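Okay, coords_13.cif now, which holds mmCIF, C-alpha atoms:
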```cif
data_final
loop_
_atom_site.label_atom_id
_atom_site.label_comp_id
_atom_site.auth_asym_id
_atom_site.auth_seq_id
_atom_site.Cartn_x
_atom_site.Cartn_y
_atom_site.Cartn_z
CA MET A 271 42.55 -22.38 -100.99
CA GLY A 272 45.46 -24.82 -100.62
CA LYS A 273 47.47 -25.39 -97.46
CA VAL A 274 51.12 -26.28 -97.01
CA THR A 275 52.99 -27.34 -93.89
CA ILE A 276 55.51 -24.92 -92.40
CA ASP A 277 58.88 -25.86 -90.90
CA ASN A 278 58.96 -23.12 -88.26
CA LYS A 279 56.41 -24.49 -85.83
CA THR A 280 56.27 -21.39 -83.63
CA SER A 281 54.78 -19.30 -86.43
CA VAL A 282 52.06 -17.28 -84.76
CA TYR A 283 51.12 -13.67 -85.40
CA PRO A 284 51.32 -11.29 -83.72
CA MET A 285 53.91 -11.81 -81.00
CA PRO A 286 54.79 -9.24 -78.36
CA ALA A 287 58.25 -7.85 -77.65
CA PHE A 288 58.67 -7.62 -73.88
CA LEU A 289 61.65 -6.91 -71.68
CA ILE A 290 61.86 -9.46 -68.87
CA GLY A 291 63.71 -8.22 -65.79
CA ALA A 292 65.37 -9.94 -62.86
CA ASN A 293 68.00 -9.14 -60.29
CA VAL A 294 70.99 -11.42 -60.90
CA ASP A 295 73.45 -11.51 -58.00
CA GLY A 296 71.79 -8.33 -56.77
CA LYS A 297 72.08 -6.40 -60.06
CA PRO A 298 69.22 -5.68 -62.49
CA ASN A 299 69.29 -7.37 -65.89
CA PHE A 300 66.81 -7.51 -68.77
CA MET A 301 66.23 -9.88 -71.68
CA THR A 302 63.92 -9.59 -74.67
CA ALA A 303 61.08 -12.10 -74.94
CA ALA A 304 58.50 -12.67 -77.63
CA TRP A 305 57.43 -15.97 -76.10
CA SER A 306 55.18 -14.56 -73.43
CA GLY A 307 51.47 -14.15 -72.82
CA ILE A 308 48.71 -13.82 -70.27
CA ALA A 309 47.49 -17.09 -68.72
CA GLY A 310 44.71 -16.10 -66.33
CA GLY A 311 42.77 -13.25 -64.79
CA GLU A 312 41.97 -14.02 -61.15
CA PRO A 313 44.69 -14.01 -60.03
CA PRO A 314 46.36 -12.26 -62.96
CA VAL A 315 48.99 -14.61 -64.38
CA VAL A 316 51.63 -14.21 -67.09
CA THR A 317 53.93 -16.75 -68.73
CA VAL A 318 57.33 -16.42 -70.33
CA GLY A 319 59.41 -19.15 -71.97
CA ILE A 320 63.12 -18.85 -71.15
CA ARG A 321 66.07 -21.07 -72.09
CA PRO A 322 67.65 -22.65 -68.98
CA THR A 323 71.03 -21.15 -69.85
CA ARG A 324 69.81 -17.57 -69.83
CA TYR A 325 71.39 -15.23 -67.30
CA THR A 326 68.01 -13.68 -66.51
CA LEU A 327 66.65 -17.07 -65.44
CA LYS A 328 69.42 -17.34 -62.86
CA GLY A 329 68.10 -14.15 -61.27
CA ILE A 330 64.49 -15.32 -61.43
CA ARG A 331 65.51 -18.47 -59.54
CA GLN A 332 67.45 -16.44 -56.95
CA ASN A 333 64.53 -14.19 -56.01
CA MET A 334 61.50 -16.00 -57.47
CA THR A 335 60.42 -12.60 -58.80
CA PHE A 336 60.64 -10.99 -62.22
CA SER A 337 59.18 -8.18 -64.28
CA VAL A 338 57.55 -7.86 -67.69
CA ASN A 339 58.20 -4.44 -69.21
CA VAL A 340 56.32 -3.25 -72.30
CA PRO A 341 58.60 -1.11 -74.45
CA SER A 342 57.31 1.54 -76.82
CA VAL A 343 58.49 1.93 -80.40
CA ASP A 344 60.84 4.67 -79.15
CA LEU A 345 62.74 1.92 -77.30
CA VAL A 346 63.02 -0.51 -80.22
CA LYS A 347 66.84 -0.36 -80.30
CA GLU A 348 67.06 -1.08 -76.57
CA ALA A 349 64.43 -3.82 -76.80
CA ASP A 350 66.38 -5.50 -79.58
CA TYR A 351 69.75 -5.02 -77.91
CA CYS A 352 68.60 -6.85 -74.77
CA GLY A 353 67.91 -9.90 -76.94
CA ILE A 354 71.37 -9.85 -78.52
CA GLU A 355 73.72 -9.45 -75.55
CA SER A 356 73.97 -11.49 -72.36
CA GLY A 357 73.98 -9.91 -68.92
CA SER A 358 76.76 -12.30 -67.99
CA LYS A 359 79.12 -10.16 -70.08
CA ILE A 360 77.47 -6.77 -70.51
CA ASP A 361 75.75 -4.33 -68.16
CA LYS A 362 72.70 -3.85 -70.38
CA VAL A 363 71.13 -1.37 -67.97
CA ALA A 364 74.13 0.93 -68.41
CA VAL A 365 74.29 0.56 -72.21
CA CYS A 366 70.56 1.14 -72.60
CA LYS A 367 70.50 3.91 -69.99
CA PHE A 368 67.53 2.27 -68.31
CA LYS A 369 66.30 4.00 -65.16
CA VAL A 370 65.45 1.09 -62.87
CA PHE A 371 62.90 1.24 -60.08
CA TYR A 372 61.51 -1.35 -57.69
CA GLY A 373 57.95 -1.89 -56.49
CA LYS A 374 56.37 -3.84 -53.69
CA LEU A 375 58.26 -7.07 -54.37
CA GLU A 376 61.54 -5.16 -53.95
CA THR A 377 63.60 -7.59 -56.08
CA ALA A 378 61.92 -7.33 -59.51
CA PRO A 379 63.62 -4.51 -61.45
CA LEU A 380 61.30 -2.31 -63.53
CA ILE A 381 62.24 0.03 -66.38
CA GLU A 382 61.00 3.58 -65.88
CA GLN A 383 61.15 4.38 -69.62
CA CYS A 384 58.82 1.48 -70.50
CA PRO A 385 55.23 2.72 -70.41
CA VAL A 386 53.84 -0.41 -68.71
CA ASN A 387 55.54 -2.64 -66.14
CA LEU A 388 54.29 -5.87 -64.58
CA GLU A 389 55.79 -6.96 -61.26
CA CYS A 390 55.55 -10.74 -60.87
CA ARG A 391 56.13 -13.51 -58.37
CA VAL A 392 56.92 -17.02 -59.67
CA MET A 393 54.05 -19.50 -59.25
CA HIS A 394 55.45 -22.37 -61.31
CA MET A 395 58.47 -23.24 -63.44
CA LEU A 396 57.46 -25.85 -65.97
CA ASP A 397 60.05 -27.72 -68.03
CA VAL A 398 58.72 -27.81 -71.59
CA GLY A 399 61.90 -29.03 -73.29
CA SER A 400 64.24 -26.38 -74.65
CA HIS A 401 62.61 -23.75 -72.44
CA ILE A 402 61.43 -23.29 -68.89
CA LEU A 403 57.91 -21.89 -68.84
CA VAL A 404 57.95 -19.38 -66.01
CA VAL A 405 54.41 -18.83 -64.75
CA GLY A 406 54.11 -15.70 -62.65
CA ARG A 407 51.42 -14.06 -60.60
CA ILE A 408 51.19 -10.37 -61.55
CA GLU A 409 51.35 -8.59 -58.20
CA GLU A 410 51.29 -5.02 -59.47
CA VAL A 411 51.12 -3.11 -62.74
CA TYR A 412 52.65 0.33 -63.22
CA ALA A 413 52.05 2.73 -66.07
CA SER A 414 53.73 5.97 -66.99
CA GLU A 415 51.51 8.97 -66.28
CA GLU A 416 52.20 10.39 -69.72
CA CYS A 417 50.69 7.25 -71.31
CA LEU A 418 47.33 7.56 -69.57
CA THR A 419 44.05 9.01 -70.75
CA ASP A 420 41.48 9.58 -68.01
CA GLY A 421 43.74 7.64 -65.65
CA LYS A 422 43.87 4.49 -67.78
CA PRO A 423 46.50 3.11 -70.17
CA ASP A 424 46.11 4.49 -73.69
CA VAL A 425 47.56 2.27 -76.40
CA ASP A 426 48.04 5.24 -78.73
CA LYS A 427 50.42 6.74 -76.17
CA ILE A 428 52.01 3.41 -75.16
CA LYS A 429 52.87 2.60 -78.80
CA PRO A 430 53.81 -1.05 -78.17
CA ILE A 431 56.11 -3.17 -80.35
CA THR A 432 55.05 -6.29 -82.21
CA TYR A 433 57.64 -8.91 -83.09
CA VAL A 434 57.11 -10.67 -86.40
CA THR A 435 58.80 -14.08 -86.34
CA ASP A 436 60.76 -15.97 -89.03
CA PRO A 437 61.35 -15.48 -91.82
CA ALA A 438 60.65 -11.73 -91.45
CA ARG A 439 62.24 -11.24 -88.04
CA HIS A 440 61.33 -7.62 -87.64
CA TYR A 441 59.36 -5.27 -85.42
CA GLN A 442 56.20 -3.43 -86.36
CA ALA A 443 54.08 -0.84 -84.61
CA LEU A 444 50.35 -1.30 -84.20
CA GLY A 445 48.32 -0.11 -87.16
CA GLU A 446 44.85 0.55 -88.39
CA TYR A 447 41.83 0.18 -86.09
CA ILE A 448 39.70 -2.66 -87.41
CA GLY A 449 36.85 -3.05 -84.97
CA LYS A 450 35.44 -3.04 -81.46
CA ALA A 451 35.92 -6.23 -79.48
CA PHE A 452 32.74 -7.84 -78.16
CA GLY A 453 31.10 -5.61 -80.72
CA ILE A 454 31.94 -6.06 -84.39
CA GLY A 455 31.13 -9.78 -84.20
CA LEU A 456 27.54 -9.02 -83.20
CA GLU A 457 26.87 -8.22 -86.87
CA LEU A 458 26.91 -11.99 -87.50
CA ARG A 459 24.06 -12.61 -85.08
CA SER A 460 20.95 -13.58 -86.97
CA MET B 203 58.38 10.45 -65.49
CA GLY B 204 55.81 9.47 -62.86
CA LYS B 205 54.26 6.04 -62.51
CA VAL B 206 50.81 5.05 -61.31
CA THR B 207 49.45 1.60 -60.47
CA ILE B 208 46.82 0.13 -62.80
CA ASP B 209 43.76 -1.88 -61.70
CA ASN B 210 43.65 -4.15 -64.75
CA LYS B 211 46.59 -6.41 -63.99
CA THR B 212 46.57 -8.18 -67.36
CA SER B 213 47.48 -4.97 -69.21
CA VAL B 214 50.10 -6.05 -71.72
CA TYR B 215 50.51 -4.84 -75.29
CA PRO B 216 50.19 -6.25 -77.85
CA MET B 217 48.00 -9.30 -77.40
CA PRO B 218 47.09 -11.70 -80.20
CA ALA B 219 43.58 -12.67 -81.30
CA PHE B 220 43.55 -16.40 -81.98
CA LEU B 221 40.76 -18.87 -82.66
CA ILE B 222 41.16 -21.97 -80.51
CA GLY B 223 39.55 -25.08 -81.96
CA ALA B 224 38.42 -28.38 -80.48
CA ASN B 225 36.00 -31.13 -81.32
CA VAL B 226 33.28 -31.18 -78.67
CA ASP B 227 31.18 -34.34 -78.69
CA GLY B 228 32.55 -34.95 -82.18
CA LYS B 229 31.68 -31.52 -83.60
CA PRO B 230 34.15 -28.70 -84.29
CA ASN B 231 33.92 -25.56 -82.16
CA PHE B 232 36.06 -22.43 -81.91
CA MET B 233 36.60 -19.78 -79.25
CA THR B 234 38.53 -16.52 -79.37
CA ALA B 235 41.61 -16.20 -77.17
CA ALA B 236 43.94 -13.30 -76.52
CA TRP B 237 45.58 -15.09 -73.60
CA SER B 238 47.90 -17.26 -75.59
CA GLY B 239 51.57 -17.36 -76.50
CA ILE B 240 54.54 -19.49 -77.45
CA ALA B 241 56.31 -21.27 -74.58
CA GLY B 242 59.19 -23.15 -76.18
CA GLY B 243 60.91 -24.09 -79.40
CA GLU B 244 62.20 -27.66 -79.22
CA PRO B 245 59.66 -29.10 -79.09
CA PRO B 246 57.46 -26.20 -80.22
CA VAL B 247 55.00 -25.41 -77.44
CA VAL B 248 52.05 -23.02 -77.19
CA THR B 249 49.92 -22.00 -74.21
CA VAL B 250 46.34 -20.81 -73.95
CA GLY B 251 44.47 -19.78 -70.83
CA ILE B 252 40.85 -21.00 -70.83
CA ARG B 253 38.11 -20.71 -68.20
CA PRO B 254 37.08 -24.16 -66.88
CA THR B 255 33.46 -23.54 -67.86
CA ARG B 256 34.25 -22.97 -71.54
CA TYR B 257 32.66 -25.36 -74.00
CA THR B 258 35.89 -25.56 -76.01
CA LEU B 259 37.77 -26.85 -72.96
CA LYS B 260 35.33 -29.75 -72.75
CA GLY B 261 36.42 -30.78 -76.23
CA ILE B 262 40.11 -30.33 -75.46
CA ARG B 263 39.70 -32.68 -72.49
CA GLN B 264 37.82 -35.23 -74.63
CA ASN B 265 40.52 -35.52 -77.29
CA MET B 266 43.57 -33.93 -75.64
CA THR B 267 44.07 -32.10 -78.92
CA PHE B 268 43.27 -28.55 -80.03
CA SER B 269 44.17 -25.99 -82.67
CA VAL B 270 45.36 -22.39 -82.71
CA ASN B 271 44.14 -20.56 -85.79
CA VAL B 272 45.50 -17.14 -86.75
CA PRO B 273 42.75 -15.05 -88.32
CA SER B 274 43.46 -12.23 -90.75
CA VAL B 275 41.87 -8.80 -90.53
CA ASP B 276 39.35 -9.98 -93.13
CA LEU B 277 38.00 -12.37 -90.48
CA VAL B 278 37.70 -9.83 -87.66
CA LYS B 279 33.91 -10.20 -87.40
CA GLU B 280 34.19 -13.98 -87.17
CA ALA B 281 37.10 -13.78 -84.72
CA ASP B 282 35.08 -11.49 -82.47
CA TYR B 283 31.87 -13.49 -82.81
CA CYS B 284 33.58 -16.66 -81.56
CA GLY B 285 34.39 -14.81 -78.33
CA ILE B 286 30.80 -13.68 -77.80
CA GLU B 287 28.75 -16.83 -78.33
CA SER B 288 29.10 -20.26 -76.73
CA GLY B 289 29.28 -23.46 -78.75
CA SER B 290 26.92 -25.01 -76.22
CA LYS B 291 24.10 -22.97 -77.77
CA ILE B 292 25.27 -21.92 -81.24
CA ASP B 293 26.93 -23.73 -84.15
CA LYS B 294 29.62 -21.12 -84.65
CA VAL B 295 31.14 -22.99 -87.59
CA ALA B 296 27.84 -22.65 -89.47
CA VAL B 297 27.32 -18.98 -88.58
CA CYS B 298 30.88 -18.06 -89.50
CA LYS B 299 30.88 -20.28 -92.61
CA PHE B 300 34.20 -21.78 -91.52
CA LYS B 301 35.53 -24.52 -93.79
CA VAL B 302 37.00 -27.03 -91.33
CA PHE B 303 39.79 -29.45 -92.14
CA TYR B 304 41.74 -31.95 -90.07
CA GLY B 305 45.44 -32.75 -90.07
CA LYS B 306 47.56 -35.55 -88.70
CA LEU B 307 46.02 -35.50 -85.22
CA GLU B 308 42.59 -36.08 -86.80
CA THR B 309 40.63 -34.54 -83.89
CA ALA B 310 41.87 -30.93 -83.87
CA PRO B 311 39.64 -28.89 -86.20
CA LEU B 312 41.43 -26.28 -88.33
CA ILE B 313 39.90 -23.30 -90.16
CA GLU B 314 40.76 -23.20 -93.84
CA GLN B 315 40.10 -19.44 -94.11
CA CYS B 316 42.65 -18.65 -91.39
CA PRO B 317 46.06 -18.14 -93.02
CA VAL B 318 47.99 -20.02 -90.31
CA ASN B 319 46.88 -23.05 -88.28
CA LEU B 320 48.67 -24.82 -85.44
CA GLU B 321 47.70 -28.40 -84.65
CA CYS B 322 48.43 -29.22 -81.01
CA ARG B 323 48.47 -32.10 -78.56
CA VAL B 324 47.98 -31.34 -74.85
CA MET B 325 51.17 -31.70 -72.77
CA HIS B 326 49.92 -30.17 -69.51
CA MET B 327 46.83 -28.57 -68.05
CA LEU B 328 47.87 -26.27 -65.24
CA ASP B 329 45.31 -24.79 -62.83
CA VAL B 330 46.26 -21.13 -62.41
CA GLY B 331 43.08 -19.97 -60.64
CA SER B 332 40.30 -18.61 -62.81
CA HIS B 333 41.82 -20.28 -65.87
CA ILE B 334 43.32 -23.57 -66.94
CA LEU B 335 46.62 -23.01 -68.71
CA VAL B 336 46.56 -25.49 -71.56
CA VAL B 337 50.13 -26.23 -72.65
CA GLY B 338 50.26 -27.89 -76.05
CA ARG B 339 52.94 -29.37 -78.23
CA ILE B 340 52.62 -27.96 -81.75
CA GLU B 341 52.61 -31.05 -83.95
CA GLU B 342 52.09 -29.37 -87.30
CA VAL B 343 51.66 -25.90 -88.76
CA TYR B 344 49.66 -25.21 -91.91
CA ALA B 345 49.66 -22.02 -93.95
CA SER B 346 47.50 -20.92 -96.85
CA GLU B 347 49.42 -20.99 -100.13
CA GLU B 348 48.18 -17.51 -100.99
CA CYS B 349 49.87 -16.13 -97.85
CA LEU B 350 53.34 -17.39 -98.74
CA THR B 351 56.27 -15.65 -100.37
CA ASP B 352 59.05 -17.98 -101.58
CA GLY B 353 57.31 -20.81 -99.74
CA LYS B 354 57.34 -19.11 -96.35
CA PRO B 355 54.66 -17.25 -94.38
CA ASP B 356 54.49 -13.56 -95.28
CA VAL B 357 53.03 -11.34 -92.59
CA ASP B 358 51.93 -8.74 -95.13
CA LYS B 359 49.67 -11.38 -96.70
CA ILE B 360 48.63 -12.97 -93.40
CA LYS B 361 47.49 -9.59 -92.02
CA PRO B 362 47.08 -10.78 -88.39
CA ILE B 363 44.85 -9.18 -85.77
CA THR B 364 46.07 -7.59 -82.56
CA TYR B 365 43.74 -7.36 -79.58
CA VAL B 366 44.12 -4.25 -77.45
CA THR B 367 42.90 -4.92 -73.93
CA ASP B 368 40.88 -2.75 -71.50
CA PRO B 369 39.95 -0.02 -71.52
CA ALA B 370 40.20 0.16 -75.34
CA ARG B 371 38.94 -3.35 -76.12
CA HIS B 372 39.44 -3.18 -79.83
CA TYR B 373 41.33 -4.84 -82.66
CA GLN B 374 44.12 -3.29 -84.70
CA ALA B 375 46.09 -4.44 -87.71
CA LEU B 376 49.87 -4.44 -87.71
CA GLY B 377 51.40 -1.12 -88.71
CA GLU B 378 54.62 0.60 -89.57
CA TYR B 379 57.89 -1.34 -89.86
CA ILE B 380 60.20 -0.12 -87.10
CA GLY B 381 63.31 -2.24 -87.36
CA LYS B 382 65.08 -5.51 -88.00
CA ALA B 383 65.22 -7.92 -85.06
CA PHE B 384 68.71 -9.01 -84.00
CA GLY B 385 69.75 -6.02 -86.03
CA ILE B 386 68.59 -2.55 -85.00
CA GLY B 387 69.88 -3.11 -81.45
CA LEU B 388 73.43 -3.55 -82.72
CA GLU B 389 73.58 0.24 -83.07
CA LEU B 390 73.93 0.41 -79.28
CA ARG B 391 77.08 -1.69 -79.30
CA SER B 392 80.08 0.46 -78.42
#
```

Show the structure stored in the file as structure tokens.
Amino acid sequence: MGKVTIDNKTSVYPMPAFLIGANVDGKPNFMTAAWSGIAGGEPPVVTVGIRPTRYTLKGIRQNMTFSVNVPSVDLVKEADYCGIESGSKIDKVAVCKFKVFYGKLETAPLIEQCPVNLECRVMHMLDVGSHILVVGRIEEVYASEECLTDGKPDVDKIKPITYVTDPARHYQALGEYIGKAFGIGLELRS
Amino acid sequence: MGKVTIDNKTSVYPMPAFLIGANVDGKPNFMTAAWSGIAGGEPPVVTVGIRPTRYTLKGIRQNMTFSVNVPSVDLVKEADYCGIESGSKIDKVAVCKFKVFYGKLETAPLIEQCPVNLECRVMHMLDVGSHILVVGRIEEVYASEECLTDGKPDVDKIKPITYVTDPARHYQALGEYIGKAFGIGLELRS
């Protein structure tokens, strides 16, 4: 099996498609982010890489709070739209008809239509070159009641979006079940 | 649409399932990580959250290099196994029959069977509580020739694994195509 080097050096699979929220000059705004992930568990920590010029980052700096909203496949147009337009010119909340609510932090806007919402407080902002890595403590997580089974989030009801990077640049739903975690690997134990 | 708060505060969807590699005391070892993501583009930067007690972290500290390997669904047993056992007790490379190769950094072990491999040099190690957030510059990316179309990575051949967190704790393949990025959202433009 031969290997070749790849020009696009951020080629990992899968990537998420999240909507990052912040209040900018007192008004809610959202941007799409695939460059995000969990960093730690106790406390719960999430990261998101954001270009310094982004309007959303201005709001994160103003309040030192932000949100990570997990859209479902039903919101794929809205999720994509928020990565195309800038909140400096367009009221994306109005165009997308997002119903915004606030939680305990009071300044991190959350999208009611997104099945899962993380409310975060900035812990660190790390300059990594083209992007600022915003490291946030997850203060609260909200889920839509209709996406729960036995009171817990159900991925089959959440129907999250995966972003597939260059050269494909498209979104896919989750697919076939392929095994239990901390389970299927036990078959390799001798 | 009602909202409830969720106990598991790292509930985001989707998460990846990567194999993080490091040479520990001169021998290659791999651990599974779902808490990983891209942080920046120029330079390309990746993060991974690792508990301080993990054997792999010892190797990352020794060489200040590591790898991020993207397994395909065909490697789901191996990907899961590397999250169950510790390299301090088990030679996971031998059990999983991984063919290991090295790239330009020389000390970051890469898995030949994984369709995509990122070779990384540590930029920062940030203490975020229970985990160390390892922030790495991606120095090179390798892809298996058989997973390319027109010389570029093809997700349909890579067949990456998605980890679905608690309470499901399982792996899923990617599924249905749901739209073009920087494309489907344009329909919302007035």

Next on the checklist: Need the shell around Met393 in chain A: protein/DNA/RNA residues with any atom at most 8 Å away, counting only C-alpha atoms. Skip same-chain ones fewer than 5 positions apart. Format as a PyMOL selection string?
Outcome noted: chain A and resi 404-407

Item to check | the PyMOL selection byres ((chain B and resi 250) around 8) applied to the shown file, residues as a PyMOL selection string | outcome: (chain A and resi 309) or (chain B and resi 235+237-239+248-249+251-252+335-337)

Checklist outcome for this item: Atom pair CA of Gly353 in chain B + CA of Thr234 in chain B, distance 28.0 Å

Next on the checklist: Take the PyMOL selection byres ((chain B and resi 306) around 12), run it mentally on this structure, and tell me the resulting residues as a PyMOL selection string.
Outcome noted: (chain A and resi 275) or (chain B and resi 267-269+303-305+307-312+320-323+340-344)

Checklist entry - Just so the selection is clear, what residues does the PyMOL selection byres ((chain B and resi 372) around 9) cover here, as a PyMOL selection string? => result (chain A and resi 447-453) or (chain B and resi 364-371+373-374)

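Of the listed residues B:Lys354, B:Lys279, B:Lys294, B:Arg256, the one whose atoms come nearest to His333 in chain B is B:Arg256, with distances taken using all atoms listed in the file.
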
Checklist entry - What is the distance, in Å and to one decimal place, between CA of Pro254 in chain B and CA of Gly311 in chain A? => result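 Computing it gives 12.5 Å between the two atoms.
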
Checklist entry - Which residue, A:Cys417, A:Ile360, A:Cys384, A:Val398, has the smallest gap to chain B when you use all atoms listed in the file? => result A:Val398

Item to check | Shell around range 230-232 of chain B at 6 Å using all atoms listed in the file, local window under 2 positions removed, as a list of chain:residue names | outcome: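 Everything that qualifies: B:Leu221, B:Ile222, B:Gly223, B:Ala224, B:Asn225, B:Pro311.
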
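Among the candidate residues B:Val214, B:Ala375, B:Val226, B:Val206, the one lying nearest to Val338 in chain A is B:Val214, with distances computed using only C-alpha atoms.
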
Checklist entry - Separation of CA of Ala281 in chain B and CA of Ile313 in chain B, in Å? => result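 Between CA of Ala281 in chain B and CA of Ile313 in chain B the gap is 11.3 Å.
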
Next on the checklist: Please return as a list in words every residue within 6 Å of (49.9, -7.7, -77.1), taking into account all atoms listed in the file and the file's own coordinates.
Outcome noted: Pro286 of chain A; Val214, Tyr215, Pro216, Met217 and Pro218 of chain B

Next on the checklist: Just checking: using only C-alpha atoms, which residue out of B:Ile286, B:Ala345, B:Val272, B:Ala236 ends up closest to Thr212 in chain B?
Outcome noted: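 Of B:Ile286, B:Ala345, B:Val272, B:Ala236, the one nearest Thr212 in chain B, counting only C-alpha atoms, is B:Ala236.
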
Checklist entry - Pick the closest to chain A from B:Tyr257, B:Leu376, B:Ser213, B:Arg391: which is it, counting all atoms listed in the file? => result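 Of B:Tyr257, B:Leu376, B:Ser213, B:Arg391, the one nearest chain A is B:Leu376, counting all atoms listed in the file.
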